[in-house]
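To start, the structure itself, in structure tokens.
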Amino acid sequence: MFNLQVATNPAGNWNRTLVASDSANPLNTTIIDPDGDTVQVEAWWEDDGTKHKSLLQGKPRVEGGVFETVRYLESEDIMVCESSFLPPASSKKFKYGSVIWKFDRWNN
């Protein structure tokens with residue numbers, strides 16, 4: 001599945017194409033992230049296509065750490081985004097972190 005969109009977040013605006021498949025055959029792609037780094041993204045759908053999961057890897061600044069994100073609809077108007085940072089196993093510099101965002105659809 002391909003979906004071109006402009007993402008807006010605290011890091012800024014950036015164009016991206018979302019690519020995903022089912023969990024049995026995840027798709028891998030290379031993108032330029034908002035910081036200008038070339039990173040690898042693996043993405044797939046889980047739970048009968050109700051949850052989108054992605055792993056972002058290869059970001060030089062985090063020395064092998066992985067960003068894991070799960071997105072799903074909590075209701076017709078609420079999308080939940082659960083994001084975690086998984087530090088490299090040997091790292092003393094980086095720690096695990098997570099945040100949950102809830103996005104409310106604006107009806108203009």
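Chain labels A, B, ... are given in the sequence in which chains occur in the structure tokens; within each chain residues are numbered consecutively from 1, and ligands are likewise numbered from 1 in the order shown.
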Val62 in chain A environment, 9 Å, only C-alpha atoms, sequence neighbours closer than 2 positions dropped, as a VMD selection string: chain A and resid 58 to 60 64 to 66 87 to 88 94
Selection near Ser54 in chain A, 10 Å with only C-alpha atoms, sequence-local residues under 6 positions removed, as a list in words: Leu18, Val19, Ala20, Pro26, Leu27, Asn28, Val41, Glu42, Ala43, Trp44, Trp45, Phe67, Glu68, Thr69, Val70, Arg71 and Ser83 of chain A
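Between CA of Ala24 in chain A and CA of Gly97 in chain A lies a distance of 27.3 Å.
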Separation of CA of Ile31 in chain A from CA of Lys51 in chain A, in Å and rounded to one decimal: 21.3 Å
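Nearest to Leu55 in chain A of all the residues A:Asn25, A:Lys102, A:Ala89, A:Gln40 is A:Gln40, based on only C-alpha atoms.
In this structure, CA of Glu46 in chain A sits 26.9 Å away from CA of Lys95 in chain A.
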Of the listed residues A:Thr29, A:Gly36, A:Glu63, A:His52, that which approaches Ser91 in chain A most closely, counting only C-alpha atoms: A:Glu63
Using DSSP on the backbone coordinates, identify the residues of range 10-83 of chain A assigned to strand (DSSP E or B); present them as a PDB file with C-alpha atoms, in the first residue's frame.
```
ATOM      1  CA  GLY A  12       9.054  19.920  11.052  1.00  0.00           C
ATOM      2  CA  ASN A  13       7.217  19.110   7.836  1.00  0.00           C
ATOM      3  CA  TRP A  14       8.466  16.401   5.519  1.00  0.00           C
ATOM      4  CA  ASN A  15       7.123  14.468   2.564  1.00  0.00           C
ATOM      5  CA  ARG A  16       6.905  10.727   2.985  1.00  0.00           C
ATOM      6  CA  THR A  17       5.364   7.727   1.362  1.00  0.00           C
ATOM      7  CA  LEU A  18       3.944   5.131   3.740  1.00  0.00           C
ATOM      8  CA  VAL A  19       4.623   1.581   2.585  1.00  0.00           C
ATOM      9  CA  SER A  21       2.284  -5.106   3.901  1.00  0.00           C
ATOM     10  CA  ASP A  22       1.045  -7.880   6.152  1.00  0.00           C
ATOM     11  CA  LEU A  27       8.252  -4.346   3.323  1.00  0.00           C
ATOM     12  CA  ASN A  28      11.535  -2.500   3.717  1.00  0.00           C
ATOM     13  CA  THR A  29      12.369   0.903   2.290  1.00  0.00           C
ATOM     14  CA  THR A  30      14.910   3.683   2.705  1.00  0.00           C
ATOM     15  CA  ILE A  31      13.780   7.234   3.452  1.00  0.00           C
ATOM     16  CA  ILE A  32      15.233  10.605   4.396  1.00  0.00           C
ATOM     17  CA  THR A  38      19.002   8.268   5.446  1.00  0.00           C
ATOM     18  CA  VAL A  39      17.270   5.526   7.458  1.00  0.00           C
ATOM     19  CA  GLN A  40      15.691   2.127   6.856  1.00  0.00           C
ATOM     20  CA  VAL A  41      12.014   1.532   7.618  1.00  0.00           C
ATOM     21  CA  GLU A  42      10.269  -1.826   7.893  1.00  0.00           C
ATOM     22  CA  ALA A  43       6.452  -1.627   8.030  1.00  0.00           C
ATOM     23  CA  TRP A  44       3.478  -3.995   8.114  1.00  0.00           C
ATOM     24  CA  TRP A  45      -0.149  -4.377   9.182  1.00  0.00           C
ATOM     25  CA  GLU A  46      -1.134  -6.516  12.195  1.00  0.00           C
ATOM     26  CA  LYS A  51      -2.733  -1.809  13.503  1.00  0.00           C
ATOM     27  CA  HIS A  52       0.119  -0.366  11.463  1.00  0.00           C
ATOM     28  CA  LYS A  53       3.569  -1.157  12.880  1.00  0.00           C
ATOM     29  CA  SER A  54       6.897   0.267  11.744  1.00  0.00           C
ATOM     30  CA  LEU A  55      10.545   0.040  12.756  1.00  0.00           C
ATOM     31  CA  LEU A  56      12.939   2.860  11.869  1.00  0.00           C
ATOM     32  CA  GLN A  57      16.594   1.833  11.987  1.00  0.00           C
ATOM     33  CA  VAL A  66      15.459   1.474  16.897  1.00  0.00           C
ATOM     34  CA  PHE A  67      12.282   3.559  16.815  1.00  0.00           C
ATOM     35  CA  GLU A  68       9.164   1.359  16.994  1.00  0.00           C
ATOM     36  CA  THR A  69       5.733   2.819  16.219  1.00  0.00           C
ATOM     37  CA  VAL A  70       2.225   1.333  16.325  1.00  0.00           C
ATOM     38  CA  ARG A  71      -0.720   3.308  14.941  1.00  0.00           C
ATOM     39  CA  TYR A  72      -4.400   2.378  15.224  1.00  0.00           C
ATOM     40  CA  LEU A  73      -7.868   3.872  15.505  1.00  0.00           C
ATOM     41  CA  GLU A  74      -9.261   4.011  19.020  1.00  0.00           C
ATOM     42  CA  SER A  75     -12.578   5.264  17.644  1.00  0.00           C
ATOM     43  CA  ILE A  78      -9.258   9.180  17.470  1.00  0.00           C
ATOM     44  CA  MET A  79      -5.992   7.786  16.085  1.00  0.00           C
ATOM     45  CA  VAL A  80      -3.450   6.508  18.627  1.00  0.00           C
ATOM     46  CA  CYS A  81       0.280   6.513  17.931  1.00  0.00           C
ATOM     47  CA  GLU A  82       2.450   4.557  20.379  1.00  0.00           C
ATOM     48  CA  SER A  83       6.140   5.309  19.824  1.00  0.00           C
TER      49      SER A  83
END
```
